[in-house]
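Chemist: One file is attached below, upload.txt, containing compact mmCIF, C-alpha atoms.
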```txt
# COMPACT_ATOMS: atom_id res chain seq x y z
CA MET A 63 28.77 32.81 36.43
CA LYS A 64 27.85 29.20 35.61
CA LYS A 65 25.61 30.33 32.77
CA PHE A 66 28.41 32.50 31.41
CA LEU A 67 30.86 29.58 31.46
CA LEU A 68 28.33 27.33 29.75
CA LEU A 69 27.72 29.82 26.96
CA THR A 70 31.46 30.27 26.54
CA MET A 71 31.91 26.51 26.10
CA VAL A 72 29.04 26.27 23.62
CA PHE A 73 30.37 29.17 21.53
CA SER A 74 33.81 27.59 21.48
CA LEU A 75 32.36 24.35 20.13
CA PHE A 76 30.05 25.77 17.47
CA GLY A 77 31.58 29.12 16.60
CA CYS A 78 29.83 32.48 17.00
CA ALA A 79 28.17 32.69 13.59
CA GLU A 80 26.91 29.10 13.63
CA MET A 81 25.65 29.37 17.19
CA GLN A 82 23.77 32.57 16.43
CA GLN A 83 22.16 30.91 13.42
CA VAL A 84 21.11 27.93 15.54
CA MET A 85 19.68 30.18 18.24
CA ASN A 86 17.70 32.13 15.66
CA GLN A 87 16.16 28.98 14.17
CA PHE A 88 15.40 27.04 17.36
CA PRO A 89 13.29 29.16 19.72
CA GLN A 90 13.68 28.68 23.44
CA THR A 91 11.10 27.07 25.66
CA ASP A 92 10.39 27.50 29.33
CA GLY A 93 12.68 25.44 31.51
CA THR A 94 14.34 23.43 28.77
CA GLY A 95 16.40 25.96 26.82
CA PHE A 96 15.83 24.84 23.25
CA LEU A 97 12.77 23.37 21.60
CA ASP A 98 12.85 19.58 21.85
CA ILE A 99 13.50 18.83 18.16
CA SER A 100 14.39 15.17 18.68
CA GLY A 101 11.32 14.73 20.89
CA GLY A 102 9.10 16.08 18.13
CA LEU A 103 10.66 13.79 15.56
CA LYS A 104 10.32 10.78 17.85
CA GLU A 105 6.67 11.67 18.39
CA ALA A 106 6.18 11.81 14.63
CA LEU A 107 7.76 8.38 14.22
CA ASN A 108 5.72 6.93 17.06
CA ASN A 109 2.59 8.34 15.44
CA GLY A 110 3.59 6.61 12.23
CA ILE A 111 3.94 3.33 14.07
CA SER A 112 0.74 3.62 16.10
CA LYS A 113 -1.50 5.07 13.38
CA GLN A 114 -0.18 3.54 10.17
CA VAL A 115 1.66 0.34 11.05
CA THR A 116 -1.37 -0.96 12.96
CA LYS A 117 -3.26 -0.98 9.65
CA LEU A 118 -0.90 -3.71 8.48
CA THR A 119 -1.95 -6.02 11.32
CA ALA A 120 -5.56 -6.34 10.09
CA THR A 121 -6.60 -9.19 7.82
CA ASP A 122 -5.48 -8.19 4.31
CA GLY A 123 -3.42 -5.35 5.81
CA PHE A 124 -0.58 -6.44 3.53
CA TYR A 125 -2.45 -8.58 1.03
CA LYS A 126 -4.85 -5.88 -0.19
CA ASN A 127 -2.57 -2.89 0.25
CA GLU A 128 -0.81 -2.48 -3.08
CA ALA A 129 1.84 -0.23 -1.53
CA VAL A 130 3.16 -3.02 0.71
CA LYS A 131 1.71 -6.27 -0.64
CA ILE A 132 4.33 -9.00 -0.58
CA LEU A 133 4.79 -10.51 -4.03
CA LEU A 134 6.71 -13.64 -4.88
CA PRO A 135 10.49 -13.32 -5.18
CA GLU A 136 11.82 -13.75 -8.68
CA GLU A 137 13.03 -17.29 -8.09
CA LEU A 138 9.48 -18.38 -7.14
CA ARG A 139 7.68 -16.81 -10.07
CA LYS A 140 8.57 -19.87 -12.11
CA VAL A 141 7.09 -21.99 -9.33
CA ASP A 142 3.86 -19.99 -9.55
CA ALA A 143 3.77 -20.37 -13.34
CA GLY A 144 4.60 -24.07 -13.11
CA LEU A 145 1.77 -24.80 -10.67
CA ARG A 146 -0.74 -22.90 -12.77
CA SER A 147 0.35 -24.81 -15.87
CA ILE A 148 -0.64 -28.11 -14.25
CA GLY A 149 -3.99 -26.87 -12.90
CA LEU A 150 -2.93 -25.84 -9.39
CA SER A 151 -3.81 -22.15 -9.59
CA SER A 152 -5.68 -22.24 -6.28
CA LEU A 153 -2.60 -23.58 -4.52
CA ALA A 154 -0.46 -20.86 -6.12
CA ASP A 155 -2.95 -18.21 -4.97
CA GLU A 156 -2.95 -19.62 -1.44
CA GLY A 157 0.85 -19.57 -1.37
CA LEU A 158 0.94 -15.84 -2.05
CA LYS A 159 -1.82 -15.12 0.44
CA VAL A 160 -0.18 -16.97 3.36
CA LEU A 161 3.07 -15.03 2.89
CA ASN A 162 1.09 -11.85 3.47
CA ARG A 163 -0.84 -13.42 6.35
CA ALA A 164 2.45 -14.25 8.06
CA ALA A 165 3.57 -10.63 7.73
CA GLU A 166 0.24 -9.35 9.08
CA ASP A 167 0.47 -11.62 12.09
CA ALA A 168 4.13 -10.87 12.74
CA VAL A 169 3.75 -7.09 12.64
CA LYS A 170 0.96 -7.41 15.21
CA GLU A 171 3.32 -9.16 17.60
CA ALA A 172 6.35 -7.07 16.76
CA THR A 173 4.92 -3.54 16.95
CA PRO A 174 6.58 -2.96 20.37
CA ILE A 175 9.93 -3.77 18.74
CA PHE A 176 9.49 -0.88 16.32
CA ILE A 177 8.30 1.48 19.03
CA ASN A 178 11.36 0.72 21.17
CA ALA A 179 13.57 1.21 18.13
CA VAL A 180 12.85 4.94 18.05
CA THR A 181 16.17 5.74 19.69
CA SER A 182 17.65 9.02 20.82
CA MET A 183 18.89 11.48 18.20
CA SER A 184 21.77 13.89 18.54
CA PHE A 185 21.20 17.63 18.13
CA ALA A 186 22.91 17.55 14.72
CA ASP A 187 20.91 14.52 13.57
CA ALA A 188 17.61 16.06 14.68
CA ARG A 189 18.24 19.38 12.95
CA GLY A 190 19.33 17.69 9.72
CA ILE A 191 16.35 15.34 9.73
CA LEU A 192 13.86 18.11 10.42
CA MET A 193 15.17 20.20 7.55
CA GLY A 194 15.47 17.21 5.22
CA ASN A 195 12.99 15.69 2.78
CA GLU A 196 9.53 14.35 3.55
CA SER A 197 10.83 10.94 4.70
CA SER A 198 14.09 11.92 6.42
CA ALA A 199 12.98 10.78 9.88
CA THR A 200 11.76 7.44 8.52
CA ASN A 201 15.03 6.97 6.61
CA TYR A 202 16.99 7.73 9.77
CA LEU A 203 14.97 5.13 11.69
CA GLN A 204 15.41 2.57 8.91
CA ASN A 205 19.15 3.12 8.53
CA SER A 206 19.87 3.11 12.24
CA THR A 207 17.71 0.17 13.30
CA SER A 208 17.30 -2.28 10.40
CA THR A 209 20.08 -4.66 11.44
CA ALA A 210 18.88 -4.91 15.02
CA LEU A 211 15.25 -5.11 13.95
CA TYR A 212 15.96 -7.95 11.56
CA GLY A 213 17.51 -9.99 14.35
CA LYS A 214 14.42 -9.53 16.50
CA PHE A 215 11.83 -9.68 13.75
CA ASN A 216 13.06 -12.78 11.91
CA PRO A 217 12.07 -15.30 14.64
CA VAL A 218 8.68 -13.57 14.93
CA ILE A 219 8.13 -14.13 11.21
CA LYS A 220 9.21 -17.76 11.59
CA ASN A 221 6.69 -18.30 14.37
CA SER A 222 4.00 -16.58 12.31
CA PHE A 223 4.69 -18.90 9.38
CA THR A 224 3.76 -21.80 11.65
CA LYS A 225 0.83 -19.96 13.23
CA VAL A 226 -0.91 -19.14 9.94
CA GLY A 227 0.05 -22.42 8.27
CA ALA A 228 2.35 -20.85 5.70
CA ASP A 229 5.08 -23.39 6.38
CA LYS A 230 2.78 -26.31 5.48
CA VAL A 231 1.38 -24.58 2.41
CA TRP A 232 4.81 -23.79 1.07
CA THR A 233 6.21 -27.24 1.85
CA ASN A 234 3.36 -28.59 -0.26
CA ILE A 235 3.97 -26.04 -3.02
CA ILE A 236 7.71 -26.70 -3.24
CA THR A 237 7.20 -30.47 -3.11
CA LYS A 238 4.68 -30.40 -5.95
CA TYR A 239 6.79 -28.04 -8.05
CA ASN A 240 9.98 -30.03 -7.58
CA SER A 241 8.11 -33.16 -8.69
CA ILE A 242 7.34 -31.64 -12.11
CA PRO A 243 9.60 -33.36 -14.68
CA LEU A 244 12.65 -31.46 -15.91
CA VAL A 245 12.29 -28.39 -13.63
CA ASN A 246 15.24 -27.03 -11.67
CA LYS A 247 14.45 -27.77 -8.04
CA VAL A 248 14.07 -24.83 -5.64
CA ASN A 249 14.53 -24.45 -1.89
CA PRO A 250 13.92 -20.77 -1.02
CA ASP A 251 14.47 -19.14 2.36
CA LEU A 252 11.01 -17.62 2.67
CA THR A 253 11.46 -16.58 6.29
CA ASP A 254 14.31 -14.26 5.32
CA TYR A 255 12.40 -12.93 2.33
CA VAL A 256 9.18 -12.19 4.22
CA THR A 257 11.12 -10.64 7.10
CA ASN A 258 12.72 -8.11 4.78
CA GLN A 259 9.50 -7.44 2.89
CA ALA A 260 7.51 -6.97 6.09
CA MET A 261 10.10 -4.54 7.43
CA ASN A 262 10.00 -2.59 4.17
CA GLY A 263 6.22 -2.41 4.49
CA VAL A 264 6.44 -1.09 8.02
CA PHE A 265 8.86 1.67 7.06
CA LYS A 266 6.69 2.63 4.08
CA MET A 267 3.72 3.13 6.38
CA VAL A 268 5.78 5.14 8.88
CA ALA A 269 6.82 7.35 5.95
CA VAL A 270 3.14 7.92 5.10
CA GLU A 271 2.51 9.43 8.53
CA GLU A 272 5.73 11.46 8.46
CA LYS A 273 4.67 12.98 5.15
CA ASN A 274 1.23 13.76 6.60
CA ILE A 275 2.78 15.59 9.55
CA ARG A 276 5.19 17.50 7.33
CA THR A 277 2.58 18.60 4.80
CA ASN A 278 -0.76 18.63 6.62
CA LEU A 279 -1.15 21.01 9.55
CA SER A 280 -4.13 19.08 10.93
CA SER A 281 -1.88 16.02 11.38
CA ARG A 282 0.22 17.89 13.94
CA THR A 283 -1.87 16.74 16.84
CA SER A 284 0.24 18.05 19.71
CA VAL A 285 1.79 21.38 20.65
CA LEU A 286 5.26 19.86 20.30
CA LEU A 287 4.60 18.64 16.76
CA GLN A 288 3.15 22.02 15.82
CA ARG A 289 6.15 23.95 17.14
CA VAL A 290 8.83 21.60 15.80
CA PHE A 291 7.43 21.28 12.28
CA ALA A 292 6.67 24.98 12.11
CA LEU A 293 10.46 25.36 11.90
CA GLN A 294 10.48 23.06 8.87
CA ASP A 295 7.76 25.18 7.24
CA LYS A 296 10.08 28.19 7.45
CA LYS A 297 13.17 26.48 6.05
CA ILE A 298 12.61 27.97 2.60
```
Spit out the file's structure as structure tokens when you get a sec.

Modeler:
Amino acid sequence: MKKFLLLTMVFSLFGCAEMQQVMNQFPQTDGTGFLDISGGLKEALNNGISKQVTKLTATDGFYKNEAVKILLPEELRKVDAGLRSIGLSSLADEGLKVLNRAAEDAVKEATPIFINAVTSMSFADARGILMGNESSATNYLQNSTSTALYGKFNPVIKNSFTKVGADKVWTNIITKYNSIPLVNKVNPDLTDYVTNQAMNGVFKMVAVEEKNIRTNLSSRTSVLLQRVFALQDKKI
């Protein structure tokens, strides 16, 4: 009787045709009713964090990875050019390198933040994400967590600036540039800039793993991933 009432409620919410379509696409599993779509997507995201984001924490993880390397913001490109014009190319090179070093160090400390950010998904969200494009799960994570992540990640970046000496290097760079005659003085917020760039790098690497799982069967390293993404394979 209880099962009958439950089915009646579900049909009233979704409608007969829609419910039948859902039941056809999401096979049942023992003890749980429907396949754990959100669980599979969260596993995919966690794999992206554990397998791909960790690459960013190594020395040159940002600096020598062209996909995520942090370049100078537009307002500092004139600083770079100005230093090189007065024979301080090595200082300009060091300035770019320490920005990437700060990101590498910060991601190492902040990885648990990203793991905890893989929050619960509704049934509708999970189904839409699964049947979406090759980075739908990553986009969902980025859109739903970026504000909160920034608040947690920004102080980590600030601490990393001090830890790797980026604050001293850039104080020296800005001081020397601002002392050049006739230049417009600059005072950039590099902590904010590197925070955003580091977060973008993290999400790019998560997207790499999501694409692998969606397109490469050998990347589906658990039964859950195999069953969930098999549904995506059939969406055509």

Chemist: Skip Val290 of chain A itself and residues of its chain fewer than 3 positions away, then list as a PyMOL selection string all residues within 7 Å of it, counting only C-alpha atoms.

Modeler: chain A and resi 99+102+286-287+293

Chemist: Between A:Lys131, A:Lys247, A:Arg282, A:Arg289, which residue has the minimum interatomic distance to Val160 of chain A, considering only C-alpha atoms?

Modeler: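 Between A:Lys131, A:Lys247, A:Arg282, A:Arg289, the residue approaching Val160 of chain A most closely is A:Lys131.
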
Chemist: Could you check the closest approach to Asp98 of chain A for each of A:Val264, A:Val256, A:Leu211, A:Ala188 and tell me which residue wins, using all atoms listed in the file?

Modeler: A:Ala188

Chemist: Between A:Gly123, A:Pro217, A:Gly190, A:Gly144, which residue has the minimum interatomic distance to Glu166 of chain A, considering only C-alpha atoms?

Modeler: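 Once distances to Glu166 of chain A are computed over only C-alpha atoms, the minimum belongs to A:Gly123.
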
Chemist: Taking only C-alpha atoms into account, name the residue in A:Ala269, A:Val169, A:Ala164, A:Leu145 that is nearest to Phe223 of chain A.

Modeler: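 Checking each of A:Ala269, A:Val169, A:Ala164, A:Leu145 against Phe223 of chain A, counting only C-alpha atoms, the winner is A:Ala164.
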
Chemist: Nearest to Ala228 of chain A: which of A:Arg276, A:Lys266, A:Lys104, A:Arg163 is it, counting only C-alpha atoms?

Modeler: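 Checking each candidate against Ala228 of chain A, we get A:Arg163 as the closest.
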
Chemist: With a distance cut-off of 10 Å and only C-alpha atoms, select the neighbouring residues of Thr283 of chain A, excluding the residue or stretch itself and same-chain residues fewer than 6 positions from it, and output the selection as a ChimeraX atom specification.

Modeler: /A:106,109,275

Chemist: Those residues you just picked out, can you put them in a file as a PDB file, in the coordinates of the input with C-alpha atoms?

Modeler:
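Saved result, again_22.pdb, follows:
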```
ATOM      1  CA  ALA A 106       6.180  11.810  14.630  1.00  0.00           C
ATOM      2  CA  ASN A 109       2.590   8.340  15.440  1.00  0.00           C
ATOM      3  CA  ILE A 275       2.780  15.590   9.550  1.00  0.00           C
TER       4      ILE A 275
END
```

Chemist: In Å, with one decimal, what is the gap from atom CA of Pro250 of chain A to atom CA of Asn262 of chain A?

Modeler: 19.3 Å

Chemist: Excluding Leu158 of chain A and its own-chain neighbours fewer than 3 positions away, which residues fall within 12 Å of it when counting only C-alpha atoms? Please give them as a VMD selection string.

Modeler: chain A and resid 122 124 to 126 131 to 135 138 to 139 141 to 142 151 to 155 161 to 165 228 231 to 232 235 252 256

Chemist: Restricting the calculation to all atoms listed in the file, which member of A:Asn246, A:Asn234, A:Ser206, A:Thr173 is positioned closest to Asn108 of chain A?

Modeler: A:Thr173

Chemist: I'd like the interatomic distance between atom CA of Ser112 of chain A and atom CA of Lys159 of chain A, to a tenth of an Å.

Modeler: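 So the two atoms, atom CA of Ser112 of chain A and atom CA of Lys159 of chain A, lie 24.6 Å apart.
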
Chemist: Set up a box along x, y and z of the file covering all listed atoms of segment 136-152 of chain A, add 5 Å on every one of the six sides, and write the centre and edge lengths in Å to one decimal, as JSON.

Modeler:
```
{"center_x": 3.7, "center_y": -20.9, "center_z": -11.1, "size_x": 28.7, "size_y": 24.4, "size_z": 19.6}
```

Chemist: Take atom CA of Phe185 of chain A and atom CA of Ser198 of chain A and report the distance between them in Å, one decimal.

Modeler: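 That distance, rounded to one decimal, is 14.8 Å.
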
Chemist: Would you list the residues near (15.0, -10.2, 8.2) (no more than 8 Å away, in the coordinates of the file, using all atoms listed in the file) as a list in words?

Modeler: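 Every residue inside that radius is included here: Leu211, Tyr212, Gly213, Phe215, Asn216, Thr253, Asp254, Tyr255, Val256, Thr257, Asn258 and Met261 of chain A.
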